[in-house]
Each structure stands twice: as structure tokens, then as C-alpha cells.
Number of protein chains: 2
Amino acid sequence: MAADRITVNGRDYRWPRKPVVVVCVDGCEPDYVNQAISAGAASFLARLDGSGTCLTADCVVPSFTNPNNLSIVTGVPPSVHGICGNYFWDRESGAEVMMNDARYLRTGTILAAFSQHGAKVAAITAKDKLRALLGHELEGVCFSAEKADQVTRAANGIDHVLELVGMPRPDVYSAALSEFVFAAGVKLMQAAKPDIMYLSTTDYVQHKAAPGTSAANAFVAMMDRYLAELDRLDATVVVTADHGMNAKTDAFGRPNIVYLQDLLDQWYGAGTARVILPITDPYVAHHGALGSFATAYLPARSIDDAARRIAALPGIELVLSREAASVRFELPPDRIGDLVIVSERLSVIGSARTRHDLSGLDAPLRSHGGLSEQRVPLIANRRASALPPGHRWRNFDAFDLALNRLP
Amino acid sequence: MAADRITVNGRDYRWPRKPVVVVCVDGCEPDYVNQAISAGAASFLARLDGSGTCLTADCVVPSFTNPNNLSIVTGVPPSVHGICGNYFWDRESGAEVMMNDARYLRTGTILAAFSQHGAKVAAITAKDKLRALLGHELEGVCFSAEKADQVTRAANGIDHVLELVGMPRPDVYSAALSEFVFAAGVKLMQAAKPDIMYLSTTDYVQHKAAPGTSAANAFVAMMDRYLAELDRLDATVVVTADHGMNAKTDAFGRPNIVYLQDLLDQWYGAGTARVILPITDPYVAHHGALGSFATAYLPARSIDDAARRIAALPGIELVLSREAASVRFELPPDRIGDLVIVSERLSVIGSARTRHDLSGLDAPLRSHGGLSEQRVPLIANRRASALPPGHRWRNFDAFDLALNRLP
């Protein structure tokens with residue numbers, strides 16, 4: 001019944017002989033794990049140094065949640081799967097279009113393909129915004145911690161999740177939202193032993209707490225306990241991240257923000273250019289919709305001039321044309337603007353000053369989106385043999401590592 | 001007697017009306033201060049948000065201690081002052097030459113110039129390696145915490161320093177070495193009220209402890225208490241850093257090292273090319289002589305080929321020719337190799353594997369040297385009025401800020 005291997009988006013994946021769990025830890029800068037191990041807060045992960053695998057991989061830029069989660073579950077960059085952020089500007093309809101609907105997905109997922117070939121597949125996300133995309137054509141279990149009280153067998157392939165997990169539905173802005181994902185994963189592994197499981201957390205803690213601080217170490221310690229459980233259940237576990245995380249402030253903790261829409265309005269007149277911040281989504285309290293990546297739509301005559309002016313701004317690392325950005329970052333050219341702008345490690349890009357509500361920031365801004373958040377861990381609880389030397393690992397090699405390269 | 005202003009290396013500096021203290025905090029990534037403020041461990045620095053100034057500045061690349069300390073006290077980049085690392089390769093003599101002697105300094109310092117015009121000047125460093133350079137032609141007080149028990153009035157312009165400070169001479173690998181610098185600065189300000197004082201610490205703590213961790217917060221808290229003392233003594237205080245600091249490991253805490261000499265030996269034959277790591281000095285236990293900057297000397301026929309191969313290595317961010325590096329980083333072309341190599345944020349560059357002793361590393365490697373450690377704080381205890389907008393601040397604008405731009 002089960003195939004020996006199946007091909008998804010041009011890559012071959014072996015059929016799992018043991019349950020495989022791929023975990024995307026939202027905002028997991030490698031130093032979160034390192035610091036927690038150093039502090040003695042992650043004994044399971046510490047033991048993997050020797051018995052497991054630890055690579056450092058590049059995520060997709062923009063180093064945002066949706067593009068990277070979709071890359072991980074499809075095994076390909078956004079140029080193939082189409083999801084390059086939460087928003088793009090549809091010039092023809094003159095509207096900002098939210099890309100969290102599966103109709104914007106241009107290819108199938110590894111999860112869906114295995115489920116359609118008879119594998120038991122489960123996907124659990126923290127926030128509901130990812131569920132529709134990750135669950136696209138998935139014949140199995142798919143639900144979010146955020147809406148764990150609303151799951152139905154018809155819609156989610158499972159019911160009574162709160163009872164299964166034994167936790168109340170957590171608040172959407174909480175560390176518990178991610179813990180619920182791990183707890184549900186362990187319970188599901190015990191109860192249903194899926195062949196393939198995908199767990200995706202939220203970066204609520206990472207947006208507030210730096211690596212090595214007590215809240216961060218407590219988060220990794222929590223994760224470490226659940227990963228140890230999955231390991232005890234004989235699952236092959238691969239842990240990666242959608243993106244890293246950096247402080248985006250000065251030494252006093254004040255955010256370094258380039259308000260790009262204000263500048264473009266000033267240079268070319270209000271309403272002439274349009275800045276899209278693809279980090280924007282309905283959940284912005286913890287980062288104020290401020291990340292290190294923006295795309296801008298401009299009149300053709302202003303593109304070169306704007307590129308020069310933006311590149312000269314303090315806080316800006318890189319400005320690329322649509323064509324150059326599409327090639328370098330493997331993005332779909334029809335869903336990015338005329339320019340792609342990346343800010344440096346300690347700076348973020350805003351739209352107009354009046355459009356950002358920073359009142360929800362109760363800690364100095366930490367965020368992501370740029371090249372400075374591209375390095376992420378790629379960890380396995382088994383030792384990979386004979387990995388290609390000098391290979392540039394991507395976080396979207398997670399299923400390849402889990403299914404093809406581990407014993 | 002005293003001039004109204006004096007000119008040093010092409011920049012004008014106003015004569016100080018109050019005592020001026022410029023502090024170079026070794027390895028002070030801006031987030032060290034931010035995290036300590038957030039943790040409530042730095043009440044004086046916290047109060048400066050409102051009454052003081054906080055800029056984020058670029059240090060000199062290579063983001064190492066000596067080039068940046070010399071830039072701060074001369075007000076100019078290494079292309080002018082000549083000190084671009086601890087070592088360079090003298091092709092003519094066929095020897096590696098250590099640049100911590102004042103004869104390699106190509107220009108005078110702000111400290112020396114003011115002292116020669118009658119100002120009372122003092123410079124206190126943590127390690128002795130900097131003393132000779134910082135004290136070049138300085139007519140005043142200049143000593144290191146490391147050799148605080150050996151100062152003489154003839155050599156250092158002061159004696160009985162241990163008695164003055166009331167602390168024992170600290171170990172060269174300790175947080176106390178930096179505390180001694182601050183404590184001596186406060187005592188000297190009370191006892192002698194210098195017109196201009198320069199304090200330069202060591203990054204022993206920062207090489208081990210990430211921002212926000214308890215050891216790091218304790219260091220900033222210590223610094224905060226002494227800065228508050230200097231402020232109470234009515235000094236104008238400007239705090240900057242020689243460079244930032246980043247983890248240089250994978251998620252398990254294992255160092256990410258590109259052993260460049262081994263690769264060049266393999267590609268072109270042993271002894272053909274020479275890698276110089278300008279971080280190397282007699283004090284390497286805390287970083288194993290591993291930083292994110294290297295320069296390589298090669299036969300002319302191999303330069304282009306090596307540049308291409310090195311740029312393709314995982315962990316490498318940038319490879320520049322001597323000419324390009326001299327322009328971009330403002331370095332003296334005669335003291336760098338045919339290629340300048342910068343590694344990315346989580347990686348360092350080694351020479352030959354056998355030449356690095358990592359046994360002294362008792363914590364996961366943290367280091368500096370690259371572009372990823374270029375952003376540093378530039379803080380003042382007075383509010384600067386009318387700073388030029390969009391200006392790229394450098395850490396070597398510290399004396400300009402302190403003397404020319406503060407009330």
C-alpha cells in the first residue's frame with residue numbers, strides 16, 4: 001500500500017519507517033538553544049551533542065513566519081510555493097491582499113502528499129493564521145492551539161483536543177500557546193502514532209526575551225521536556241526555525257525605525273509610492289508590525305532614484321530591484337514590489353509613523369525579517385551519516401534530513 | 001594659556017569647560033546596556049534616556065580592540081593612524097610584525113595634543129597591550145590595570161595606584177580588570193580632576209556572557225555605578241565601544257570555524273599562502289585567537305582564484321581585494337594582505353586547525369572582528385542639541401561628541 005518513496009516538488013522523500021516529527025520553533029535564533037544548554041536548562045538537547053545532529057541552516061528571506069513554514073512543508077523556496085509574506089499589493093485590483101489563504105499556494109505540501117499516499121499525518125500550529133496553508137489538501141489532523149476549543153472531526157480530523165491535551169485553550173499572546181502545540185504533539189504521538197507530524201510554535205517569548213535570559217531559558221526548557229518525550233516515543237525528531245530574532249533598538253531600548261512610507265511621501269508626494277510590510281498580520285501587538293524587510297511599489301520613473309536614496313539611509317542594509325530580489329531570495333516576482341528593502345540587524349522598517357501602534361510593546365523591540373535573522377538551527381535526535389561537505393543547508397531541508405538522511 | 005580649540009588630525013576640538021571622560025567599553029554590543037536597563041540593573045543609564053544622548057555608531061572593521069581604541073583617541077580611521085590589527089605580515093622582512101608599539105602609529109592622538117597644550121590628561125586601560133599606543137606622547141597619566149602594581153611617576157605620570165584605588169591588582173582574565181579601570185577613573189577624578197580622561201576596559205566578560213545573562217547584567221551594573229559617580233563629579237561622560245560581540249557557535253555551542261590556512265594549503269600547497277589573524281595577541285585564552293576577520297597573502301596568480309573559492313565557503317560573508325578593503329574599511333593598504341576575509345555573524349576564521357588551542361574556552365565561543373560586530377553604542381550623560389540628521393556616527397566621533405556637541 002505505502003510507496004517506498006514519494007516525490008514532492010521535485011524532491012524524493014523516503015517513506016518513514018518510524019514516526020517523524022518536524023518542529024518549526026518560531027524565532028529560534030541558534031543562541032536560544034546554546035544559552036539554555038549552557039545554563040543547564042535543556043538536558044535533552046545537551047545530550048544530542050554526540051548522539052544527534054546539529055547544523056546551522058539558512059531560512060528564507062524575508063525571514064518571516066509564513067514564507068518559512070510554507071518552505072519547510074513544501075521543501076522549496078517561495079518562488080515555487082508562492083507565499084512570500086502575509087501581504088502583497090495587487091496592482092490590478094488596487095488592494096492589499098492577504099496571503100494566508102490556500103488559494104495563494106502554488107504547489108502542494110509534503111504533508112498533503114504523504115497523507116494522500118496513506119500516511120497518518122498531523123499538523124499542529126500555534127496561531128490559526130497558518131492552519132489553512134499548512135493543512136491544504138492534508139487528509140489527516142490539522143488544528144491550531146489558538147482555536148483548540150473549536151476543532152471538529154470534519155474540519156480538523158480530530159475532536160476533543162482540550163481533553164486530549166489536558167490544558168485549557170491558551171491566550172494567543174502567551175508562552176502557553178507554544179507549549180500547547182508541544183503537549184498536543186506528545187499526546188497525539190501516544191494516542192495515534194502519526195507517521196508524520198509537523199509542529200509549529202509562535203515567537204511570543206522570543207519577541208520579548210533575549211537568548212540566555214530567564215524567560216528564554218524557561219521556554220527552551222519547556223521545549224526540551226517535550227522533545228525528550230517524543231524521543232522516548234521513538235520518533236525521529238528534527239527541529240528547525242522559521243527565522244532568528246534580534247534586538248531592534250539602541251542601547252536605551254528605543255526602537256531603530258526607518259519610516260519608509262513617510263520618506264517616500266516626502267520625496268515623491270503622498271500616495272505616489274506604496275510600502276508593504278509583509279510582517280503585518282492580525283497579530284501585531286508583540287512587534288508593532290515592525291520587521292527588517294519591506295517591499296515598495298513606485299512609479300517606474302522613481303525606482304532608480306528611490307533605490308539610491310533608500311540605500312543611503314542609516315539602518316538600511318540592502319536595496320534590490322524586483323528582479324534581483326527574486327533571484328537572490330528566490331521570491332515570486334509578481335508578489336513583491338519594484339524594490340525590496342532589508343534593514344540591518346538593529347533596525348526595522350516602518351510604513352508611516354502614524355500607522356504603527358507601539359503601545360502594545362511592553363519590552364524593547366525584538367524582531368526579524370532581514371538577512372540578520374537568516375541563520376537558524378537544524379537539529380536532529382539521530383546522527384546523520386555522511387552529510388555532503390560544504391553544503392548550504394536550508395531550513396526547508398528539514399523533511400529531507402528527517403526522511404532521507406537519518407538512520 | 002589654554003587654546004579655545006585645537007585641531008588634531010584635521011578635526012577641531014573645543015577646549016573642555018568641564019572634565020570630559022570618554023569610556024571605551026570593550027565588546028559592548030548595544031544589547032548589553034539595553035538588557036541591563038530592562039532588568040533594572042542600570043539605573044543611571046536608564047535615567048539618561050531623557051536627560052542624555054544615545055546614538056548607535058559604526059566601529060572600524062576589523063572590529064578588534066586596538067584599531068578601534070586608536071581610532072577613538074585619534075578621531076580618524078586606520079588608514080590614517082595605521083593600526084589595523086595586532087599583527088601584520090612584513091613581506092620584506094618575512095616576519096609577522098606586532099603592531100602594539102607606538103612606532104607603528106602614523107599620527108598623534110587627541111590625548112597627546114591636549115596634554116601638550118596644557119590640559120591635564122589621563123588614560124587608563126585594562127590590558128597593558130594598549131598602554132604604549134594610547135600613551136604615545138601623552139604628557140600626563142597613563143597606566144594599565146594589568147600592571148597597576150608597577151606604575152612609576154616617571155613612566156606613568158602617577159604612582160601608588162593600588163593605594164589610590166584601594167583594590168588589589170586584578171587578574172588579567174577577570175571582570176575585576178575592567179572594574180579597576182572604572183574605580184581608578186573615579187578616584188583620579190576626585191583626586192586630580194583631569195580635563196580629559198580616557199578609560200578603556202577589557203571584554204573578558206563579554207566573550208563569555210550574552211547580553212541579559214546574569215554575568216553580563218552584573219558587569220553593566222558595575223559600570224553603571226561608576227558612571228553615576230563620574231556624573232556626580234560633574235564630568236561630561238561619553239561611553240562607546242571598540243566593537244560588539246556575537247555568539248560564534250551552532251545551537252549546541254560548538255564553534256563554527258573556517259580554518260582558512262588549511263584550505264589554502266590544500267588548494268595551493270603548504271607554505272604558498274599565509275593567513276594572518278589580526279586578533280592574535282598574547283592574550284588569547286578567552287577567544288582562542290578566533291575572530292571574524294582575516295587577511296591573506298598569496299602569490300599574485302592565485303589571488304582571484306582564492307577570492308572566488310573563499311567567497312563560496314559556508315560561513316564567509318565577504319571577500320575583498322586589498323584595494324577594495326582599503327577603501328571600504330579605510331585601512332592602510334600596506335598593512336593588510338592581498339585579500340581581506342570577513343565571516344558571517346555566527347562564524348569565525350581560523351588559521352590552521354593545529355595552531356588554535358581551544359582548551360582555554362570554558363564557555364561557548366563568543367567573538368568579534370566582522371561586520372556583524374560593527375554597531376556600537378555612543379552614549380552621553382548630556383543631551384546633544386541639533387545633531388545632524390541622517391549622519392553616520394562612528395565610535396571615533398566620541399571626542400567630537402564629548403567636546404563639540406554637548407552643552
# chains A, B, ... in the order shown; residues from 1 in each chain; ligands from 1
call {"tool": "closest_atom_pairs", "arguments": {"of": "chain A", "to": "chain B", "cutoff": "9 Å", "atoms": "only C-alpha atoms", "output": "tab-separated table"}}
result
residue	atom	partner	partner_atom	distance
A:Glu29	CA	B:Ala251	CA	8.3
A:Pro30	CA	B:Ala251	CA	4.5
A:Asp31	CA	B:Ala251	CA	5.8
A:Tyr32	CA	B:Ala251	CA	7.5
A:Val33	CA	B:Ala251	CA	5.3
A:Asn34	CA	B:Ala251	CA	4.8
A:Gln35	CA	B:Gly253	CA	7.9
A:Ile37	CA	B:Phe252	CA	7.3
A:Ser38	CA	B:Ala363	CA	7.7
A:Leu45	CA	B:Phe252	CA	7.7
A:Ala46	CA	B:Phe252	CA	7.0
A:Leu48	CA	B:Phe252	CA	8.3
A:Asp49	CA	B:Phe252	CA	6.4
A:Cys54	CA	B:Phe252	CA	6.9
A:Leu55	CA	B:Asp250	CA	7.0
A:Thr56	CA	B:Asp250	CA	6.1
A:Ala209	CA	B:Gly212	CA	8.8
A:Ala210	CA	B:Gly212	CA	6.8
A:Pro211	CA	B:Ala210	CA	7.5
A:Gly212	CA	B:Thr213	CA	5.7
A:Thr213	CA	B:Thr213	CA	5.5
A:Ser214	CA	B:Thr213	CA	8.1
A:Ala247	CA	B:Asp31	CA	6.9
A:Thr249	CA	B:Asp31	CA	7.9
A:Asp250	CA	B:Thr56	CA	6.1
A:Ala251	CA	B:Pro30	CA	4.5
A:Phe252	CA	B:Asn34	CA	5.2
A:Gly253	CA	B:Asn34	CA	5.1
A:Arg254	CA	B:Asn34	CA	8.7
A:Ala312	CA	B:Gly390	CA	9.0
A:Leu313	CA	B:Gly390	CA	6.8
A:Pro314	CA	B:Gly390	CA	6.3
A:Arg345	CA	B:Ser372	CA	8.1
A:Leu346	CA	B:Arg375	CA	8.1
A:Ala363	CA	B:Ser38	CA	7.7
A:Pro364	CA	B:Ser38	CA	7.9
A:Ser372	CA	B:Arg345	CA	8.1
A:Arg375	CA	B:Leu346	CA	8.1
A:Val376	CA	B:Ala251	CA	8.4
A:Pro377	CA	B:Ala251	CA	6.0
A:Leu378	CA	B:Ala251	CA	8.5
A:Ile379	CA	B:Ala251	CA	8.2
A:Gly390	CA	B:Pro314	CA	6.3
A:His391	CA	B:Pro314	CA	7.6
A:Arg392	CA	B:Pro314	CA	6.6
call {"tool": "write_last_selection", "arguments": {"atoms": "N, CA and C atoms", "output": "short mmCIF file (atom, residue, chain, number, x, y, z; two decimals), in the first residue's frame"}}
result
data_model
loop_
_atom_site.label_atom_id
_atom_site.label_comp_id
_atom_site.auth_asym_id
_atom_site.auth_seq_id
_atom_site.Cartn_x
_atom_site.Cartn_y
_atom_site.Cartn_z
N GLU A 29 16.48 31.78 17.05
CA GLU A 29 17.89 32.09 16.91
C GLU A 29 18.71 30.96 17.55
N PRO A 30 19.78 30.47 16.88
CA PRO A 30 20.52 29.34 17.46
C PRO A 30 20.97 29.56 18.90
N ASP A 31 21.26 30.81 19.27
CA ASP A 31 21.78 31.07 20.61
C ASP A 31 20.75 30.80 21.71
N TYR A 32 19.47 30.78 21.37
CA TYR A 32 18.48 30.40 22.41
C TYR A 32 18.79 29.01 22.94
N VAL A 33 19.08 28.10 22.02
CA VAL A 33 19.36 26.71 22.42
C VAL A 33 20.71 26.64 23.13
N ASN A 34 21.71 27.26 22.53
CA ASN A 34 23.06 27.27 23.11
C ASN A 34 23.05 27.81 24.54
N GLN A 35 22.39 28.94 24.73
CA GLN A 35 22.37 29.55 26.07
C GLN A 35 21.63 28.67 27.07
N ILE A 37 21.32 25.42 26.95
CA ILE A 37 22.19 24.28 27.26
C ILE A 37 23.27 24.72 28.25
N SER A 38 23.90 25.85 28.00
CA SER A 38 24.94 26.36 28.90
C SER A 38 24.42 26.57 30.31
N LEU A 45 18.46 18.32 24.84
CA LEU A 45 19.21 18.91 23.72
C LEU A 45 20.72 18.81 23.97
N ALA A 46 21.13 18.98 25.21
CA ALA A 46 22.56 18.85 25.53
C ALA A 46 23.07 17.45 25.19
N LEU A 48 22.08 15.56 22.87
CA LEU A 48 22.16 15.34 21.42
C LEU A 48 23.52 15.74 20.85
N ASP A 49 24.27 16.56 21.59
CA ASP A 49 25.64 16.84 21.16
C ASP A 49 26.46 15.58 21.40
N CYS A 54 23.58 18.54 14.62
CA CYS A 54 23.28 19.98 14.70
C CYS A 54 23.92 20.70 13.54
N LEU A 55 23.09 21.21 12.66
CA LEU A 55 23.57 22.02 11.55
C LEU A 55 23.06 23.45 11.74
N THR A 56 23.69 24.40 11.06
CA THR A 56 23.15 25.75 11.03
C THR A 56 22.70 26.00 9.59
N ALA A 209 12.15 38.20 24.87
CA ALA A 209 13.26 37.74 25.72
C ALA A 209 14.47 37.34 24.90
N ALA A 210 15.63 37.87 25.25
CA ALA A 210 16.88 37.57 24.55
C ALA A 210 17.39 36.18 24.97
N PRO A 211 18.20 35.55 24.10
CA PRO A 211 18.79 34.26 24.45
C PRO A 211 19.52 34.32 25.78
N GLY A 212 19.30 33.33 26.62
CA GLY A 212 20.02 33.26 27.89
C GLY A 212 19.30 33.93 29.04
N THR A 213 18.28 34.72 28.76
CA THR A 213 17.52 35.33 29.86
C THR A 213 16.55 34.29 30.41
N SER A 214 16.03 34.57 31.59
CA SER A 214 15.29 33.51 32.28
C SER A 214 14.05 33.08 31.50
N ALA A 247 17.53 42.00 18.69
CA ALA A 247 17.15 43.30 19.22
C ALA A 247 17.09 44.28 18.06
N THR A 249 16.83 47.78 18.60
CA THR A 249 16.80 49.01 19.39
C THR A 249 18.20 49.59 19.54
N ASP A 250 18.26 50.78 20.11
CA ASP A 250 19.53 51.32 20.53
C ASP A 250 19.84 50.80 21.94
N ALA A 251 20.93 51.28 22.52
CA ALA A 251 21.35 50.77 23.82
C ALA A 251 20.36 51.13 24.93
N PHE A 252 19.52 52.16 24.71
CA PHE A 252 18.50 52.51 25.70
C PHE A 252 17.22 51.69 25.51
N GLY A 253 17.17 50.86 24.46
CA GLY A 253 15.98 50.06 24.21
C GLY A 253 14.94 50.75 23.36
N ARG A 254 15.30 51.88 22.74
CA ARG A 254 14.36 52.58 21.87
C ARG A 254 14.47 52.01 20.45
N ALA A 312 21.06 54.76 0.96
CA ALA A 312 21.93 55.67 1.71
C ALA A 312 21.41 55.96 3.11
N LEU A 313 20.22 55.46 3.45
CA LEU A 313 19.65 55.75 4.77
C LEU A 313 20.36 54.94 5.85
N PRO A 314 20.65 55.58 6.99
CA PRO A 314 21.18 54.80 8.12
C PRO A 314 20.18 53.73 8.51
N ARG A 345 20.81 44.67 11.21
CA ARG A 345 20.46 43.86 12.37
C ARG A 345 19.68 44.58 13.45
N LEU A 346 20.05 45.83 13.75
CA LEU A 346 19.42 46.51 14.89
C LEU A 346 18.31 47.46 14.47
N ALA A 363 8.10 45.49 26.03
CA ALA A 363 9.53 45.21 26.21
C ALA A 363 10.23 45.83 25.00
N PRO A 364 11.54 46.13 25.12
CA PRO A 364 12.25 46.69 23.96
C PRO A 364 12.08 45.78 22.74
N SER A 372 19.87 39.38 8.75
CA SER A 372 20.47 39.18 10.07
C SER A 372 19.73 38.11 10.87
N ARG A 375 20.04 32.86 9.94
CA ARG A 375 20.69 31.64 10.41
C ARG A 375 19.83 30.97 11.48
N VAL A 376 19.49 29.74 11.24
CA VAL A 376 18.63 29.00 12.17
C VAL A 376 19.20 27.61 12.41
N PRO A 377 18.84 27.01 13.55
CA PRO A 377 19.34 25.66 13.82
C PRO A 377 18.59 24.62 12.98
N LEU A 378 19.27 23.52 12.72
CA LEU A 378 18.66 22.36 12.08
C LEU A 378 19.21 21.16 12.85
N ILE A 379 18.39 20.70 13.79
CA ILE A 379 18.83 19.73 14.80
C ILE A 379 18.05 18.43 14.63
N GLY A 390 30.35 21.11 2.96
CA GLY A 390 30.24 22.42 2.31
C GLY A 390 28.85 22.72 1.78
N HIS A 391 27.88 21.90 2.11
CA HIS A 391 26.52 22.11 1.63
C HIS A 391 25.89 23.29 2.35
N ARG A 392 25.16 24.13 1.64
CA ARG A 392 24.38 25.19 2.27
C ARG A 392 23.04 24.61 2.69
#
call {"tool": "residues_around", "arguments": {"residues": "Ile303 (chain A)", "least_positions_apart": "4", "cutoff": "10 Å", "atoms": "only C-alpha atoms", "output": "list in words"}}
result
Ala273, Ala296, Tyr297, Leu298, Pro299, Ala307, Arg308, Arg309, Ser321, Asp338 and Leu339 of chain A
call {"tool": "write_last_selection", "arguments": {"atoms": "C-alpha atoms", "output": "mmCIF file, in the first residue's frame"}}
result
data_model
loop_
_atom_site.group_PDB
_atom_site.id
_atom_site.type_symbol
_atom_site.label_atom_id
_atom_site.label_comp_id
_atom_site.auth_asym_id
_atom_site.auth_seq_id
_atom_site.Cartn_x
_atom_site.Cartn_y
_atom_site.Cartn_z
ATOM 1 C CA ALA A 273 4.605 55.129 -3.673
ATOM 2 C CA ALA A 296 7.832 49.163 -2.194
ATOM 3 C CA TYR A 297 5.742 49.852 -5.274
ATOM 4 C CA LEU A 298 6.693 53.014 -7.132
ATOM 5 C CA PRO A 299 6.153 54.808 -10.435
ATOM 6 C CA ALA A 307 16.789 52.741 -4.654
ATOM 7 C CA ARG A 308 19.743 55.107 -4.351
ATOM 8 C CA ARG A 309 18.140 57.265 -1.683
ATOM 9 C CA SER A 321 15.193 45.579 -7.622
ATOM 10 C CA ASP A 338 9.551 47.231 -7.501
ATOM 11 C CA LEU A 339 12.086 47.379 -4.708
#
call {"tool": "closest_residue", "arguments": {"among": "B:Leu138, B:Leu318, B:Met189, B:Leu387", "to": "Gly157 (chain B)", "atoms": "only C-alpha atoms"}}
result
B:Leu138
call {"tool": "closest_residue", "arguments": {"among": "A:Lys18, A:Arg11, A:Arg103, A:Arg153", "to": "Ala402 (chain A)", "atoms": "only C-alpha atoms"}}
result
A:Lys18
call {"tool": "atom_distance", "arguments": {"atom1": "CA of Gly166 (chain B)", "atom2": "CA of Val73 (chain B)"}}
result
27.7 Å
call {"tool": "residues_around", "arguments": {"residues": "Phe293 (chain A)", "least_positions_apart": "2", "cutoff": "6 Å", "atoms": "only C-alpha atoms", "output": "count of residues only"}}
result
5
call {"tool": "select_by_dssp", "arguments": {"residues": "region 170-305 of chain B", "states": "strand (DSSP E or B)", "output": "number ranges by chain"}}
result
B: 196-200, 236-240, 246-247, 249, 255, 257-259, 274-276, 291, 293-297
call {"tool": "closest_residue", "arguments": {"among": "B:Ser79, B:Thr74, B:Ser63, B:Thr354", "to": "Val327 (chain B)", "atoms": "only C-alpha atoms"}}
result
B:Ser79
call {"tool": "residues_around", "arguments": {"residues": "Ala119 (chain B)", "least_positions_apart": "3", "cutoff": "7 Å", "atoms": "only C-alpha atoms", "output": "PyMOL selection string"}}
result
chain B and resi 114-115+195
call {"tool": "atom_distance", "arguments": {"atom1": "CA of Arg91 (chain B)", "atom2": "CA of Arg274 (chain B)"}}
result
10.5 Å
call {"tool": "atom_distance", "arguments": {"atom1": "CA of Arg366 (chain A)", "atom2": "CA of His287 (chain A)"}}
result
7.2 Å
